[in-house]
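To keep things clear, I will list the structure first and then write my remarks on it.
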Amino acid sequence: MKKVLVIEDNKCSRRLYERFLGLEGYEVRSAADGRTGLELLKSWKPDLLVLDYMLPDMTGEDICRVLRETPELKSVLILMITAHTYKASDEHCMKMGADGYLEKNFKPEQLKVYVEALLRKGKPSEK
């Protein structure tokens, strides 16, 4: 069973992603902030990270940088999710190490398709 970590500060969105991905057969854990998420990343080592770009304590960019610079976490795939398209374009997210990008207000089916595609691809982006 593939493991997916969700780092999302919005409680409703976080629970929705958790529930939906769990129903799709993934083992899912979540965190409401970047620091807690990084601790889970290090201890649980998921296959994929669903990451909100704007968090209360750090940005998705900060977390991407930590993942791509940490040897034991480099293989974690990253799907960036954001409502701030003016701050985080798909091009910008890919340049910082994300493997995929979704703008908020997407349909749950879109999340499913992106998660499946990234896990099938199975290799994180190179900076």
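Residues in the structure tokens are numbered from 1 in each chain, the chains being A, B, ... in the order shown, and ligands are numbered from 1 in the order shown.
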
All residues 12 Å or closer to Lys107 (chain A), only C-alpha atoms, same chain fewer than 5 positions away omitted, as a VMD selection string: chain A and resid 13 16 to 17 20 102 112 to 114

Just write the chosen residues, N, CA and C atoms, as a tab-separated table (two decimals), in the first residue's frame.
chain	number	residue	atom	x	y	z
A	13	SER	N	-10.09	21.03	4.27
A	13	SER	CA	-9.38	20.50	3.09
A	13	SER	C	-8.54	19.30	3.48
A	16	LEU	N	-10.72	16.32	3.99
A	16	LEU	CA	-11.26	15.88	2.70
A	16	LEU	C	-10.21	15.09	1.93
A	17	TYR	N	-8.98	15.60	1.84
A	17	TYR	CA	-7.91	14.89	1.13
A	17	TYR	C	-7.61	13.55	1.78
A	20	PHE	N	-10.63	11.11	1.10
A	20	PHE	CA	-10.70	10.72	-0.30
A	20	PHE	C	-9.56	9.78	-0.67
A	102	LEU	N	-1.44	21.48	-8.50
A	102	LEU	CA	-2.89	21.63	-8.66
A	102	LEU	C	-3.33	22.93	-8.01
A	112	LYS	N	-7.13	12.44	-7.49
A	112	LYS	CA	-6.90	11.01	-7.72
A	112	LYS	C	-6.01	10.80	-8.94
A	113	VAL	N	-6.33	11.47	-10.04
A	113	VAL	CA	-5.56	11.31	-11.28
A	113	VAL	C	-4.11	11.75	-11.08
A	114	TYR	N	-3.90	12.88	-10.44
A	114	TYR	CA	-2.54	13.38	-10.23
A	114	TYR	C	-1.75	12.45	-9.31

For Met54 (chain A): contacts at 12 Å, only C-alpha atoms, fewer than 4 positions along chain excluded, given as a PDB file with N, CA and C atoms, in the first residue's frame:
ATOM      1  N   ILE A   7       0.132  17.704   3.938  1.00  0.00           N
ATOM      2  CA  ILE A   7       0.442  18.850   4.793  1.00  0.00           C
ATOM      3  C   ILE A   7      -0.437  19.998   4.304  1.00  0.00           C
ATOM      4  N   GLU A   8      -1.439  20.319   5.100  1.00  0.00           N
ATOM      5  CA  GLU A   8      -2.462  21.316   4.735  1.00  0.00           C
ATOM      6  C   GLU A   8      -2.970  21.955   6.017  1.00  0.00           C
ATOM      7  N   ASP A   9      -2.942  23.285   6.099  1.00  0.00           N
ATOM      8  CA  ASP A   9      -3.377  23.956   7.319  1.00  0.00           C
ATOM      9  C   ASP A   9      -4.891  24.105   7.420  1.00  0.00           C
ATOM     10  N   ASN A  10      -5.606  24.065   6.307  1.00  0.00           N
ATOM     11  CA  ASN A  10      -7.060  24.164   6.342  1.00  0.00           C
ATOM     12  C   ASN A  10      -7.635  22.816   6.760  1.00  0.00           C
ATOM     13  N   ALA A  32      -0.927  19.701  10.058  1.00  0.00           N
ATOM     14  CA  ALA A  32      -1.528  21.014   9.844  1.00  0.00           C
ATOM     15  C   ALA A  32      -0.500  22.120   9.653  1.00  0.00           C
ATOM     16  N   ASP A  33       0.775  21.782   9.811  1.00  0.00           N
ATOM     17  CA  ASP A  33       1.819  22.799   9.631  1.00  0.00           C
ATOM     18  C   ASP A  33       3.092  22.136   9.119  1.00  0.00           C
ATOM     19  N   GLY A  34       4.013  22.959   8.653  1.00  0.00           N
ATOM     20  CA  GLY A  34       5.236  22.466   8.040  1.00  0.00           C
ATOM     21  C   GLY A  34       6.153  21.708   8.986  1.00  0.00           C
ATOM     22  N   MET A  58       5.800  27.856   7.537  1.00  0.00           N
ATOM     23  CA  MET A  58       6.783  27.780   6.461  1.00  0.00           C
ATOM     24  C   MET A  58       6.035  27.709   5.131  1.00  0.00           C
ATOM     25  N   THR A  59       6.755  27.909   4.053  1.00  0.00           N
ATOM     26  CA  THR A  59       6.104  27.780   2.750  1.00  0.00           C
ATOM     27  C   THR A  59       6.363  26.387   2.178  1.00  0.00           C
ATOM     28  N   GLY A  60       5.566  26.052   1.187  1.00  0.00           N
ATOM     29  CA  GLY A  60       5.803  24.805   0.473  1.00  0.00           C
ATOM     30  C   GLY A  60       7.187  24.789  -0.157  1.00  0.00           C
ATOM     31  N   GLU A  61       7.647  25.968  -0.564  1.00  0.00           N
ATOM     32  CA  GLU A  61       8.989  26.088  -1.140  1.00  0.00           C
ATOM     33  C   GLU A  61      10.051  25.670  -0.125  1.00  0.00           C
ATOM     34  N   ASP A  62       9.887  26.094   1.134  1.00  0.00           N
ATOM     35  CA  ASP A  62      10.826  25.700   2.196  1.00  0.00           C
ATOM     36  C   ASP A  62      10.851  24.186   2.369  1.00  0.00           C
ATOM     37  N   ILE A  63       9.675  23.588   2.376  1.00  0.00           N
ATOM     38  CA  ILE A  63       9.581  22.140   2.571  1.00  0.00           C
ATOM     39  C   ILE A  63      10.168  21.399   1.375  1.00  0.00           C
ATOM     40  N   MET A  80       2.198  19.763  -5.259  1.00  0.00           N
ATOM     41  CA  MET A  80       1.942  21.068  -4.656  1.00  0.00           C
ATOM     42  C   MET A  80       0.514  21.491  -4.938  1.00  0.00           C
ATOM     43  N   ILE A  81      -0.149  21.988  -3.899  1.00  0.00           N
ATOM     44  CA  ILE A  81      -1.510  22.484  -4.031  1.00  0.00           C
ATOM     45  C   ILE A  81      -1.537  23.918  -3.525  1.00  0.00           C
ATOM     46  N   THR A  82      -2.159  24.817  -4.291  1.00  0.00           N
ATOM     47  CA  THR A  82      -2.193  26.206  -3.860  1.00  0.00           C
ATOM     48  C   THR A  82      -3.414  26.942  -4.380  1.00  0.00           C
ATOM     49  N   ALA A  83      -3.807  27.951  -3.628  1.00  0.00           N
ATOM     50  CA  ALA A  83      -4.855  28.871  -4.060  1.00  0.00           C
ATOM     51  C   ALA A  83      -4.232  30.157  -4.576  1.00  0.00           C
ATOM     52  N   HIS A  84      -2.949  30.320  -4.338  1.00  0.00           N
ATOM     53  CA  HIS A  84      -2.241  31.555  -4.675  1.00  0.00           C
ATOM     54  C   HIS A  84      -1.515  31.419  -6.004  1.00  0.00           C
ATOM     55  N   THR A  85      -2.255  31.427  -7.089  1.00  0.00           N
ATOM     56  CA  THR A  85      -1.643  31.211  -8.396  1.00  0.00           C
ATOM     57  C   THR A  85      -0.673  32.319  -8.770  1.00  0.00           C
ATOM     58  N   LYS A  87       1.453  33.645  -6.766  1.00  0.00           N
ATOM     59  CA  LYS A  87       2.707  33.403  -6.050  1.00  0.00           C
ATOM     60  C   LYS A  87       3.359  32.085  -6.459  1.00  0.00           C
ATOM     61  N   ALA A  88       2.538  31.126  -6.795  1.00  0.00           N
ATOM     62  CA  ALA A  88       3.065  29.786  -7.046  1.00  0.00           C
ATOM     63  C   ALA A  88       2.542  29.241  -8.366  1.00  0.00           C
ATOM     64  N   LYS A 104      -6.163  25.041  -6.078  1.00  0.00           N
ATOM     65  CA  LYS A 104      -7.286  24.691  -5.204  1.00  0.00           C
ATOM     66  C   LYS A 104      -8.615  24.916  -5.914  1.00  0.00           C
TER      67      LYS A 104
END

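Of all the residues in region 3-123 of chain A, the ones DSSP labels as strand (DSSP E) from the backbone are Lys3, Val4, Leu5, Val6, Ile7, Glu27, Val28, Arg29, Ser30, Ala31, Leu48, Leu49, Val50, Leu51, Asp52, Leu77, Ile78, Leu79, Met80, Ile81, Thr82, Gly100, Tyr101, Leu102 and Glu103 of chain A.
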
Could you produce a table of the residues of region 35-58 of chain A lying within 12 Å of region 96-101 of chain A, with the nearest pair of atoms per residue and their separation in Å rounded to one decimal, using only C-alpha atoms, ordered by chain and increasing residue number, as CSV?
residue,atom,partner,partner_atom,distance
A:Leu48,CA,A:Asp99,CA,9.7
A:Leu49,CA,A:Ala98,CA,9.5
A:Val50,CA,A:Gly100,CA,9.4
A:Leu51,CA,A:Ala98,CA,9.2
A:Asp52,CA,A:Tyr101,CA,10.0
A:Tyr53,CA,A:Tyr101,CA,9.9

How would the residues just picked look written out with C-alpha atoms as a PDB file, in the first residue's frame?
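Once everything was written out, this is out.pdb:
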ATOM      1  CA  LEU A  48       4.075  11.019  -1.938  1.00  0.00           C
ATOM      2  CA  LEU A  49       3.562  14.367  -0.257  1.00  0.00           C
ATOM      3  CA  VAL A  50       0.442  16.430  -0.989  1.00  0.00           C
ATOM      4  CA  LEU A  51       1.677  19.867   0.040  1.00  0.00           C
ATOM      5  CA  ASP A  52      -0.132  23.165   0.483  1.00  0.00           C
ATOM      6  CA  TYR A  53       2.023  26.042  -0.744  1.00  0.00           C
TER       7      TYR A  53
END

I'd like the neighbourhood of region 69-76 of chain A as an mmCIF file with C-alpha atoms, in the first residue's frame, where a residue qualifies if any of its atoms comes within 10 Å (using only C-alpha atoms), though same-chain residues fewer than 5 positions away should be ignored.
data_model
loop_
_atom_site.group_PDB
_atom_site.id
_atom_site.type_symbol
_atom_site.label_atom_id
_atom_site.label_comp_id
_atom_site.auth_asym_id
_atom_site.auth_seq_id
_atom_site.Cartn_x
_atom_site.Cartn_y
_atom_site.Cartn_z
ATOM 1 C CA VAL A 4 0.640 9.595 1.217
ATOM 2 C CA LEU A 5 1.324 12.467 3.604
ATOM 3 C CA LEU A 38 8.662 17.493 8.305
ATOM 4 C CA LEU A 41 8.256 12.918 6.640
ATOM 5 C CA LYS A 42 11.404 11.885 8.496
ATOM 6 C CA LYS A 45 8.827 8.228 4.903
ATOM 7 C CA PRO A 46 5.798 8.425 2.599
ATOM 8 C CA ASP A 47 5.864 7.755 -1.125
ATOM 9 C CA LEU A 48 4.075 11.019 -1.938
ATOM 10 C CA LEU A 49 3.562 14.367 -0.257
ATOM 11 C CA ILE A 63 9.581 22.140 2.571
ATOM 12 C CA CYS A 64 10.499 21.262 -1.033
ATOM 13 C CA GLY A 97 11.334 20.527 -6.834
ATOM 14 C CA ALA A 98 7.627 19.691 -6.967
ATOM 15 C CA ASP A 99 6.598 16.869 -9.280
ATOM 16 C CA LEU A 119 3.091 7.329 -8.120
ATOM 17 C CA GLY A 122 7.793 7.119 -9.348
ATOM 18 C CA LYS A 123 10.780 9.463 -9.572
ATOM 19 C CA PRO A 124 11.023 12.951 -8.100
ATOM 20 C CA SER A 125 11.901 15.966 -10.199
ATOM 21 C CA GLU A 126 15.496 17.092 -10.381
#

Atom pair CA of Glu24 (chain A) / CA of Val115 (chain A): separation (Å):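 These atoms are spaced 10.2 Å apart.
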
Shell of 8 Å around Glu18 (chain A), only C-alpha atoms, local chain residues under 6 positions omitted, as a PyMOL selection string: chain A and resi 6+28-30

Residue nearest Arg120 (chain A) among A:Glu39, A:Leu77, A:Arg65, A:Gly25 (counting only C-alpha atoms): A:Leu77

Computed interatomic separation between CA of Leu79 (chain A) and CA of Leu111 (chain A) (Å):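 We find that CA of Leu79 (chain A) and CA of Leu111 (chain A) lie 9.3 Å from each other.
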
Sel. of alpha helix (DSSP H) residues, region 18-87 of chain A, as a list in words: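 In region 18-87 of chain A, DSSP puts these residues in alpha helix (DSSP H): Glu18, Arg19, Phe20, Leu21, Gly22, Leu23, Gly34, Arg35, Thr36, Gly37, Leu38, Glu39, Leu40, Leu41, Lys42, Ser43, Trp44, Gly60, Glu61, Asp62, Ile63, Cys64, Arg65, Val66, Leu67, Arg68 and Glu69 of chain A.
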
For the selection just defined, write its residues with N, CA and C atoms to a file, as a compact mmCIF listing (two decimals), in the first residue's frame.
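Output file selection-v4.txt is given in full below:
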# COMPACT_ATOMS: atom_id res chain seq x y z
N GLU A 18 -7.53 13.55 3.12
CA GLU A 18 -7.27 12.31 3.85
C GLU A 18 -8.34 11.26 3.54
N ARG A 19 -9.58 11.67 3.69
CA ARG A 19 -10.68 10.73 3.49
C ARG A 19 -10.71 10.22 2.05
N PHE A 20 -10.63 11.11 1.10
CA PHE A 20 -10.70 10.72 -0.30
C PHE A 20 -9.56 9.78 -0.67
N LEU A 21 -8.34 10.14 -0.29
CA LEU A 21 -7.19 9.29 -0.62
C LEU A 21 -7.25 7.95 0.12
N GLY A 22 -7.75 7.97 1.35
CA GLY A 22 -7.93 6.72 2.09
C GLY A 22 -8.93 5.80 1.39
N LEU A 23 -10.02 6.36 0.90
CA LEU A 23 -11.01 5.57 0.17
C LEU A 23 -10.45 5.01 -1.14
N GLY A 34 4.01 22.96 8.65
CA GLY A 34 5.24 22.47 8.04
C GLY A 34 6.15 21.71 8.99
N ARG A 35 6.33 22.21 10.18
CA ARG A 35 7.26 21.55 11.12
C ARG A 35 6.77 20.16 11.50
N THR A 36 5.49 20.04 11.80
CA THR A 36 4.93 18.72 12.11
C THR A 36 5.03 17.81 10.90
N GLY A 37 4.76 18.38 9.73
CA GLY A 37 4.86 17.61 8.49
C GLY A 37 6.27 17.09 8.24
N LEU A 38 7.27 17.93 8.48
CA LEU A 38 8.66 17.49 8.31
C LEU A 38 9.02 16.36 9.27
N GLU A 39 8.52 16.44 10.49
CA GLU A 39 8.77 15.35 11.46
C GLU A 39 8.15 14.05 10.94
N LEU A 40 6.93 14.12 10.45
CA LEU A 40 6.28 12.93 9.88
C LEU A 40 7.02 12.42 8.66
N LEU A 41 7.48 13.32 7.82
CA LEU A 41 8.26 12.92 6.64
C LEU A 41 9.47 12.10 7.05
N LYS A 42 10.18 12.56 8.06
CA LYS A 42 11.40 11.88 8.50
C LYS A 42 11.12 10.54 9.16
N SER A 43 10.05 10.47 9.94
CA SER A 43 9.78 9.23 10.68
C SER A 43 8.97 8.21 9.88
N TRP A 44 8.07 8.68 9.03
CA TRP A 44 7.15 7.78 8.32
C TRP A 44 7.58 7.48 6.90
N GLY A 60 5.57 26.05 1.19
CA GLY A 60 5.80 24.80 0.47
C GLY A 60 7.19 24.79 -0.16
N GLU A 61 7.65 25.97 -0.56
CA GLU A 61 8.99 26.09 -1.14
C GLU A 61 10.05 25.67 -0.13
N ASP A 62 9.89 26.09 1.13
CA ASP A 62 10.83 25.70 2.20
C ASP A 62 10.85 24.19 2.37
N ILE A 63 9.68 23.59 2.38
CA ILE A 63 9.58 22.14 2.57
C ILE A 63 10.17 21.40 1.38
N CYS A 64 9.89 21.87 0.16
CA CYS A 64 10.50 21.26 -1.03
C CYS A 64 12.02 21.29 -0.94
N ARG A 65 12.56 22.41 -0.53
CA ARG A 65 14.01 22.56 -0.43
C ARG A 65 14.59 21.54 0.56
N VAL A 66 13.94 21.40 1.72
CA VAL A 66 14.40 20.44 2.72
C VAL A 66 14.37 19.02 2.15
N LEU A 67 13.27 18.66 1.49
CA LEU A 67 13.17 17.31 0.92
C LEU A 67 14.25 17.05 -0.12
N ARG A 68 14.45 17.99 -1.01
CA ARG A 68 15.40 17.77 -2.09
C ARG A 68 16.85 17.83 -1.63
N GLU A 69 17.10 18.40 -0.45
CA GLU A 69 18.46 18.47 0.10
C GLU A 69 18.74 17.39 1.13

Atomic separation - CA of Arg14 (chain A) relative to CA of Ala31 (chain A), Å: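 Computed distance, CA of Ala31 (chain A) to CA of Arg14 (chain A), equals 8.1 Å.
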